[in-house]
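Visitor: Input: one structure, supplied below.
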Amino acid sequence: MEPISERDIRSSFVNSSKGDAGRLSLPEMFDAVPWSDLDFFGWVDPKLAGRSYIVVPSADRLCGISLRYKVGGPRTAQMCSICLTTHANGGVSLMAAAKAGESGRRGNTVGTYICSDLACSLYARKKKTPALGRQFKEDFDVETRTAAVEDNITAFLARVLD
C-alpha cells in the first residue's frame with residue numbers, strides 16, 4: 001500500500017458524515033506506519049472505545065469504513081475472516097459497519113470477524129504473531145496469504161457499498 005495522508009484518510013469515508021470523519025482520531029504512531037507491509041490501513045480509535053476504522057485502496061480511490069465493536073468481546077478462540085489467523089482471548093472481534101448511502105442512514109449494517117488490532121496484513125506476512133493463536137496454514141506462501149487478505153477485505157468493502 002502506498003502512504004496516504006491524514007487529509008486523504010478523512011475524505012475517504014463512505015459510511016460516515018464529514019463531521020464524524022473530521023473528528024476521528026488517528027493512531028498515535030501514524031508517522032511510523034509500515035505502509036509497504038499493508039494491504040489496507042486499519043486502526044482502533046485511541047480515544048473512543050468500541051470504534052475502529054479501515055481504509056482500503058482500490059483502483060480509482062480510497063474507501064474508508066467506520067466500524068463498531070463490543071469492547072471486551074468473547075474470550076474464546078476465533079478466526080479472523082480477513083487473514084484467517086486464529087486468536088485466543090478476544091483477539092478477534094465482530095466488527096459492524098453501517099452500510100453506505102441511504103441503506104446505512106436507515107440503520108442497515110454488515111459485520112465480519114476481524115483481528116481486534118486490525119493487523120491482518122502483518123499476520124499474513126508473518127511480521128506479527130498472535131499471542132496464543134495460530135496463523136494461516138504454513139503450506140501457503142506470503143503471496144497467497146496476502147492475496148487472500150486483499151480478496152477478503154475487498155469482499156467486505158463491497159458488502160458495505162452494496
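By order in the C-alpha cells, chains are A, B, ...; within a chain, residues start at 1; ligands start at 1, following the order shown.
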Report as a PyMOL selection string all protein, DNA and RNA residues lying within 9 Å of A:Thr154, evaluated on only C-alpha atoms, omitting residues in the same chain fewer than 4 positions from it.
Guide: chain A and resi 56+58+149-150+158-159
Visitor: Generate the output file for the selected residues, all heavy atoms, as a PDB file, in the first residue's frame.
Guide:
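That gives us selection-v8.pdb:
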```pdb
ATOM      1  N   VAL A  56      -9.263   1.256   2.635  1.00  0.00           N
ATOM      2  CA  VAL A  56      -8.906   0.264   1.626  1.00  0.00           C
ATOM      3  C   VAL A  56      -8.601   0.967   0.310  1.00  0.00           C
ATOM      4  O   VAL A  56      -9.449   1.707  -0.193  1.00  0.00           O
ATOM      5  CB  VAL A  56     -10.056  -0.746   1.416  1.00  0.00           C
ATOM      6  CG1 VAL A  56      -9.671  -1.814   0.403  1.00  0.00           C
ATOM      7  CG2 VAL A  56     -10.477  -1.375   2.735  1.00  0.00           C
ATOM      8  N   SER A  58      -8.406   1.177  -3.619  1.00  0.00           N
ATOM      9  CA  SER A  58      -8.958   0.478  -4.769  1.00  0.00           C
ATOM     10  C   SER A  58      -8.358   1.103  -6.021  1.00  0.00           C
ATOM     11  O   SER A  58      -7.549   2.025  -5.925  1.00  0.00           O
ATOM     12  CB  SER A  58     -10.492   0.555  -4.781  1.00  0.00           C
ATOM     13  OG  SER A  58     -10.912   1.881  -4.948  1.00  0.00           O
ATOM     14  N   VAL A 149      -6.012 -11.870   1.885  1.00  0.00           N
ATOM     15  CA  VAL A 149      -6.363 -10.666   2.647  1.00  0.00           C
ATOM     16  C   VAL A 149      -7.002  -9.633   1.722  1.00  0.00           C
ATOM     17  O   VAL A 149      -8.051  -9.064   2.037  1.00  0.00           O
ATOM     18  CB  VAL A 149      -5.123 -10.070   3.369  1.00  0.00           C
ATOM     19  CG1 VAL A 149      -5.418  -8.676   3.924  1.00  0.00           C
ATOM     20  CG2 VAL A 149      -4.663 -11.000   4.485  1.00  0.00           C
ATOM     21  N   GLU A 150      -6.388  -9.392   0.581  1.00  0.00           N
ATOM     22  CA  GLU A 150      -6.929  -8.412  -0.370  1.00  0.00           C
ATOM     23  C   GLU A 150      -8.322  -8.822  -0.843  1.00  0.00           C
ATOM     24  O   GLU A 150      -9.237  -7.989  -0.895  1.00  0.00           O
ATOM     25  CB  GLU A 150      -5.987  -8.256  -1.560  1.00  0.00           C
ATOM     26  CG  GLU A 150      -4.703  -7.545  -1.220  1.00  0.00           C
ATOM     27  CD  GLU A 150      -3.721  -7.486  -2.379  1.00  0.00           C
ATOM     28  OE1 GLU A 150      -4.131  -7.739  -3.533  1.00  0.00           O
ATOM     29  OE2 GLU A 150      -2.549  -7.176  -2.136  1.00  0.00           O
ATOM     30  N   ALA A 158     -17.242  -4.397  -0.446  1.00  0.00           N
ATOM     31  CA  ALA A 158     -18.355  -4.487  -1.403  1.00  0.00           C
ATOM     32  C   ALA A 158     -19.689  -4.638  -0.682  1.00  0.00           C
ATOM     33  O   ALA A 158     -20.701  -4.065  -1.111  1.00  0.00           O
ATOM     34  CB  ALA A 158     -18.127  -5.656  -2.364  1.00  0.00           C
ATOM     35  N   ARG A 159     -19.702  -5.374   0.424  1.00  0.00           N
ATOM     36  CA  ARG A 159     -20.939  -5.521   1.208  1.00  0.00           C
ATOM     37  C   ARG A 159     -21.336  -4.208   1.849  1.00  0.00           C
ATOM     38  O   ARG A 159     -22.529  -3.896   1.956  1.00  0.00           O
ATOM     39  CB  ARG A 159     -20.755  -6.603   2.266  1.00  0.00           C
ATOM     40  CG  ARG A 159     -20.668  -7.998   1.670  1.00  0.00           C
ATOM     41  CD  ARG A 159     -20.377  -9.086   2.702  1.00  0.00           C
ATOM     42  NE  ARG A 159     -21.221  -9.001   3.864  1.00  0.00           N
ATOM     43  CZ  ARG A 159     -20.813  -9.310   5.095  1.00  0.00           C
ATOM     44  NH1 ARG A 159     -19.583  -9.731   5.309  1.00  0.00           N
ATOM     45  NH2 ARG A 159     -21.635  -9.215   6.122  1.00  0.00           N
TER      46      ARG A 159
END
```
Visitor: Could you tell me, as a list in words, which residues of stretch 6-65 of chain A DSSP assigns to alpha helix (DSSP H) when given the backbone?
Guide: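 Checking each residue of stretch 6-65 of chain A, the alpha helix (DSSP H) ones are Glu6, Arg7, Asp8, Ile9, Arg10, Lys18, Gly19, Asp20, Ala21, Gly22 and Arg23 of chain A.
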Visitor: At a cut-off of 12 Å, can you tabulate as a tab-separated table every residue of stretch 36-122 of chain A near stretch 15-23 of chain A together with its closest atom pair and the distance in Å to one decimal, using only C-alpha atoms and ordering rows by chain then number?
Guide:
```
residue	atom	partner	partner_atom	distance
A:Asp45	CA	A:Arg23	CA	10.7
A:Lys47	CA	A:Arg23	CA	10.6
A:Leu48	CA	A:Arg23	CA	10.7
A:Arg51	CA	A:Asp20	CA	11.7
A:Ser52	CA	A:Ala21	CA	11.7
A:Tyr53	CA	A:Ala21	CA	10.0
A:Ile54	CA	A:Asn15	CA	11.2
A:Val55	CA	A:Asn15	CA	11.6
A:Cys63	CA	A:Asn15	CA	9.3
A:Gly64	CA	A:Asn15	CA	7.7
A:Ile65	CA	A:Asn15	CA	6.0
A:Ser66	CA	A:Asn15	CA	6.5
A:Leu67	CA	A:Asn15	CA	9.2
A:Arg68	CA	A:Asn15	CA	11.8
A:Ala96	CA	A:Asn15	CA	11.4
A:Ala97	CA	A:Asn15	CA	7.6
A:Ala98	CA	A:Asn15	CA	6.0
A:Lys99	CA	A:Asn15	CA	6.1
A:Ala100	CA	A:Asn15	CA	4.6
A:Gly101	CA	A:Asn15	CA	7.0
A:Glu102	CA	A:Asn15	CA	9.9
A:Ser103	CA	A:Asn15	CA	10.0
A:Gly104	CA	A:Asn15	CA	7.1
A:Arg105	CA	A:Asn15	CA	8.8
A:Arg106	CA	A:Asn15	CA	11.9
A:Gly107	CA	A:Asn15	CA	11.0
A:Asn108	CA	A:Asn15	CA	10.9
A:Thr109	CA	A:Asn15	CA	10.0
A:Val110	CA	A:Asn15	CA	11.4
```
Visitor: Would you please work out which residue, of A:Thr76, A:Thr146, A:Asn152, A:Thr112, is nearest to A:Lys126 when using only C-alpha atoms?
Guide: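 Smallest separation from A:Lys126 among the options: A:Thr146.
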Visitor: Take atom CA of A:Arg7 and atom CA of A:Glu28 and report the distance between them in Å, one decimal.
Guide: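 These atoms are spaced 15.9 Å apart.
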Visitor: Between A:Val44, A:Leu122, A:Leu62, A:Val142, which has the minimum distance to A:Ser93 (counting only C-alpha atoms)?
Guide: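 Closest candidate: A:Val44.
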Visitor: Would you kindly return, as a JSON list (two decimals) with N, CA and C atoms, in the first residue's frame, each protein, DNA or RNA residue with an atom no farther than 8 Å from any atom of A:Cys120, considering only C-alpha atoms and excluding same-chain residues fewer than 5 positions away?
Guide:
```json
[["chain", "number", "residue", "atom", "x", "y", "z"],
["A", 82, "ILE", "N", -10.69, -12.19, 7.59],
["A", 82, "ILE", "CA", -9.90, -11.47, 6.60],
["A", 82, "ILE", "C", -8.57, -12.17, 6.34],
["A", 83, "CYS", "N", -7.80, -12.44, 7.40],
["A", 83, "CYS", "CA", -6.47, -13.04, 7.22],
["A", 83, "CYS", "C", -6.40, -14.51, 7.64],
["A", 85, "THR", "N", -6.31, -15.84, 10.56],
["A", 85, "THR", "CA", -5.48, -16.08, 11.73],
["A", 85, "THR", "C", -6.39, -16.37, 12.91],
["A", 114, "ILE", "N", -12.93, -9.78, 12.54],
["A", 114, "ILE", "CA", -11.63, -9.24, 12.13],
["A", 114, "ILE", "C", -10.69, -9.23, 13.34],
["A", 115, "CYS", "N", -9.40, -9.36, 13.09],
["A", 115, "CYS", "CA", -8.41, -9.23, 14.16],
["A", 115, "CYS", "C", -8.69, -7.93, 14.91],
["A", 149, "VAL", "N", -6.01, -11.87, 1.88],
["A", 149, "VAL", "CA", -6.36, -10.67, 2.65],
["A", 149, "VAL", "C", -7.00, -9.63, 1.72]]
```
Visitor: Just the number, please: distance in Å from atom CA of A:Glu143 to atom CA of A:Arg125, one decimal.
Guide: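 Rounded to one decimal, the two atoms are 8.4 Å apart.
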Visitor: Please compute the atom CA of A:Phe40-atom CA of A:Pro57 distance, one decimal, in Å.
Guide: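 Atom-to-atom, atom CA of A:Phe40 and atom CA of A:Pro57 are spaced 6.6 Å apart.
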Visitor: Determine the nearest neighbour of A:Trp43 from the options A:Leu118, A:Ala155, A:Met29, A:Ile9, counting only C-alpha atoms.
Guide: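 Answer, going by the shortest atom-to-atom distance: A:Leu118.
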Visitor: Nearest residue to A:Gly111 out of A:Ala77, A:Ala32, A:Leu38, A:Ile153, using only C-alpha atoms?
Guide: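 Closest to A:Gly111 of all the choices is A:Ile153.
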Visitor: Just checking: using only C-alpha atoms, which residue out of A:Pro3, A:Pro27, A:Gly91, A:Pro130 ends up closest to A:Pro46?
Guide: A:Pro27
Visitor: Would you kindly return, as a PyMOL selection string, each protein, DNA or RNA residue with an atom no farther than 9 Å from any atom of A:Gly72, considering only C-alpha atoms and excluding same-chain residues fewer than 2 positions away?
Guide: chain A and resi 70+74-75+90+93
Visitor: Mind writing the picked residues with N, CA and C atoms as a JSON list (two decimals), in the first residue's frame?
Guide:
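Written out: out.json:
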```
[["chain", "number", "residue", "atom", "x", "y", "z"],
["A", 70, "LYS", "N", -17.84, -4.53, 20.08],
["A", 70, "LYS", "CA", -18.05, -4.61, 21.52],
["A", 70, "LYS", "C", -16.70, -4.72, 22.21],
["A", 74, "PRO", "N", -15.68, -11.70, 23.09],
["A", 74, "PRO", "CA", -15.60, -13.08, 23.57],
["A", 74, "PRO", "C", -14.18, -13.50, 23.90],
["A", 75, "ARG", "N", -14.07, -14.30, 24.92],
["A", 75, "ARG", "CA", -12.75, -14.77, 25.37],
["A", 75, "ARG", "C", -12.47, -16.19, 24.90],
["A", 90, "GLY", "N", -10.11, -12.88, 22.92],
["A", 90, "GLY", "CA", -10.56, -11.59, 22.40],
["A", 90, "GLY", "C", -9.72, -10.99, 21.30],
["A", 93, "SER", "N", -12.66, -9.70, 16.89],
["A", 93, "SER", "CA", -13.91, -9.04, 17.27],
["A", 93, "SER", "C", -14.87, -9.04, 16.09]]
```
Visitor: Quick one: DSSP strand (DSSP E) residues in stretch 21-124 of chain A, as a PyMOL selection string?
Guide: chain A and resi 41-44+51-57+62-69+78-79+86-87+92-98+109-115
Visitor: Would you mind exporting N, CA and C atoms of the selected residues as an mmCIF file, in the first residue's frame?
Guide:
```
data_model
loop_
_atom_site.group_PDB
_atom_site.id
_atom_site.type_symbol
_atom_site.label_atom_id
_atom_site.label_comp_id
_atom_site.auth_asym_id
_atom_site.auth_seq_id
_atom_site.Cartn_x
_atom_site.Cartn_y
_atom_site.Cartn_z
ATOM 1 N N PHE A 41 -5.213 -0.043 5.535
ATOM 2 C CA PHE A 41 -4.806 0.637 6.757
ATOM 3 C C PHE A 41 -5.953 0.552 7.750
ATOM 4 N N GLY A 42 -5.711 -0.077 8.874
ATOM 5 C CA GLY A 42 -6.739 -0.218 9.898
ATOM 6 C C GLY A 42 -6.200 0.163 11.256
ATOM 7 N N TRP A 43 -7.058 0.779 12.078
ATOM 8 C CA TRP A 43 -6.639 1.149 13.421
ATOM 9 C C TRP A 43 -7.851 1.252 14.339
ATOM 10 N N VAL A 44 -7.571 1.086 15.619
ATOM 11 C CA VAL A 44 -8.564 1.240 16.674
ATOM 12 C C VAL A 44 -8.472 2.675 17.155
ATOM 13 N N ARG A 51 -14.651 1.817 18.714
ATOM 14 C CA ARG A 51 -14.624 2.355 17.349
ATOM 15 C C ARG A 51 -13.299 2.006 16.697
ATOM 16 N N SER A 52 -13.376 1.641 15.430
ATOM 17 C CA SER A 52 -12.170 1.391 14.649
ATOM 18 C C SER A 52 -12.452 1.786 13.213
ATOM 19 N N TYR A 53 -11.397 1.808 12.402
ATOM 20 C CA TYR A 53 -11.512 2.312 11.044
ATOM 21 C C TYR A 53 -10.629 1.492 10.113
ATOM 22 N N ILE A 54 -11.075 1.382 8.873
ATOM 23 C CA ILE A 54 -10.306 0.714 7.829
ATOM 24 C C ILE A 54 -10.325 1.612 6.606
ATOM 25 N N VAL A 55 -9.161 1.771 5.970
ATOM 26 C CA VAL A 55 -9.077 2.480 4.702
ATOM 27 C C VAL A 55 -8.496 1.507 3.688
ATOM 28 N N VAL A 56 -9.263 1.256 2.635
ATOM 29 C CA VAL A 56 -8.906 0.264 1.626
ATOM 30 C C VAL A 56 -8.601 0.967 0.310
ATOM 31 N N PRO A 57 -7.409 0.743 -0.250
ATOM 32 C CA PRO A 57 -7.140 1.327 -1.568
ATOM 33 C C PRO A 57 -7.821 0.496 -2.653
ATOM 34 N N LEU A 62 -9.579 5.751 -2.545
ATOM 35 C CA LEU A 62 -9.532 5.143 -1.225
ATOM 36 C C LEU A 62 -10.949 5.048 -0.699
ATOM 37 N N CYS A 63 -11.258 3.970 0.012
ATOM 38 C CA CYS A 63 -12.561 3.819 0.653
ATOM 39 C C CYS A 63 -12.338 3.581 2.140
ATOM 40 N N GLY A 64 -12.798 4.522 2.937
ATOM 41 C CA GLY A 64 -12.710 4.389 4.382
ATOM 42 C C GLY A 64 -14.008 3.867 4.951
ATOM 43 N N ILE A 65 -13.906 3.023 5.969
ATOM 44 C CA ILE A 65 -15.075 2.442 6.623
ATOM 45 C C ILE A 65 -14.932 2.651 8.128
ATOM 46 N N SER A 66 -15.965 3.178 8.732
ATOM 47 C CA SER A 66 -16.032 3.304 10.178
ATOM 48 C C SER A 66 -16.687 2.042 10.729
ATOM 49 N N LEU A 67 -16.109 1.475 11.778
ATOM 50 C CA LEU A 67 -16.594 0.221 12.355
ATOM 51 C C LEU A 67 -16.902 0.389 13.840
ATOM 52 N N ARG A 68 -17.796 -0.431 14.327
ATOM 53 C CA ARG A 68 -18.095 -0.504 15.764
ATOM 54 C C ARG A 68 -17.913 -1.955 16.208
ATOM 55 N N TYR A 69 -17.472 -2.106 17.455
ATOM 56 C CA TYR A 69 -17.320 -3.448 18.011
ATOM 57 C C TYR A 69 -17.534 -3.384 19.511
ATOM 58 N N GLN A 78 -11.063 -17.556 18.201
ATOM 59 C CA GLN A 78 -11.833 -17.286 16.996
ATOM 60 C C GLN A 78 -10.883 -17.016 15.852
ATOM 61 N N MET A 79 -11.410 -17.175 14.620
ATOM 62 C CA MET A 79 -10.597 -16.944 13.431
ATOM 63 C C MET A 79 -11.042 -15.662 12.744
ATOM 64 N N THR A 86 -6.060 -17.381 13.691
ATOM 65 C CA THR A 86 -6.829 -17.719 14.880
ATOM 66 C C THR A 86 -6.202 -17.036 16.084
ATOM 67 N N HIS A 87 -7.032 -16.368 16.866
ATOM 68 C CA HIS A 87 -6.588 -15.678 18.077
ATOM 69 C C HIS A 87 -7.356 -16.229 19.272
ATOM 70 N N VAL A 92 -10.000 -11.517 18.240
ATOM 71 C CA VAL A 92 -10.867 -11.309 17.077
ATOM 72 C C VAL A 92 -12.161 -10.703 17.589
ATOM 73 N N SER A 93 -12.660 -9.698 16.887
ATOM 74 C CA SER A 93 -13.913 -9.041 17.267
ATOM 75 C C SER A 93 -14.871 -9.042 16.093
ATOM 76 N N LEU A 94 -16.160 -9.119 16.412
ATOM 77 C CA LEU A 94 -17.182 -8.919 15.399
ATOM 78 C C LEU A 94 -17.293 -7.414 15.208
ATOM 79 N N MET A 95 -16.896 -6.940 14.041
ATOM 80 C CA MET A 95 -16.934 -5.506 13.758
ATOM 81 C C MET A 95 -18.050 -5.238 12.760
ATOM 82 N N ALA A 96 -18.856 -4.259 13.090
ATOM 83 C CA ALA A 96 -20.011 -3.912 12.262
ATOM 84 C C ALA A 96 -19.809 -2.543 11.641
ATOM 85 N N ALA A 97 -20.187 -2.429 10.389
ATOM 86 C CA ALA A 97 -20.089 -1.169 9.653
ATOM 87 C C ALA A 97 -21.475 -0.798 9.144
ATOM 88 N N ALA A 98 -21.831 0.472 9.300
ATOM 89 C CA ALA A 98 -23.057 0.952 8.678
ATOM 90 C C ALA A 98 -22.872 0.866 7.174
ATOM 91 N N THR A 109 -26.630 -2.478 8.648
ATOM 92 C CA THR A 109 -25.206 -2.708 8.881
ATOM 93 C C THR A 109 -24.794 -4.056 8.326
ATOM 94 N N VAL A 110 -23.495 -4.226 8.167
ATOM 95 C CA VAL A 110 -22.902 -5.519 7.843
ATOM 96 C C VAL A 110 -21.743 -5.725 8.809
ATOM 97 N N GLY A 111 -21.425 -6.966 9.082
ATOM 98 C CA GLY A 111 -20.349 -7.233 10.020
ATOM 99 C C GLY A 111 -19.508 -8.408 9.593
ATOM 100 N N THR A 112 -18.333 -8.480 10.184
ATOM 101 C CA THR A 112 -17.440 -9.611 9.953
ATOM 102 C C THR A 112 -16.494 -9.723 11.142
ATOM 103 N N TYR A 113 -15.916 -10.888 11.298
ATOM 104 C CA TYR A 113 -14.934 -11.108 12.355
ATOM 105 C C TYR A 113 -13.558 -10.707 11.835
ATOM 106 N N ILE A 114 -12.930 -9.777 12.540
ATOM 107 C CA ILE A 114 -11.630 -9.237 12.129
ATOM 108 C C ILE A 114 -10.691 -9.227 13.339
ATOM 109 N N CYS A 115 -9.402 -9.356 13.088
ATOM 110 C CA CYS A 115 -8.412 -9.225 14.155
ATOM 111 C C CYS A 115 -8.686 -7.929 14.913
#
```
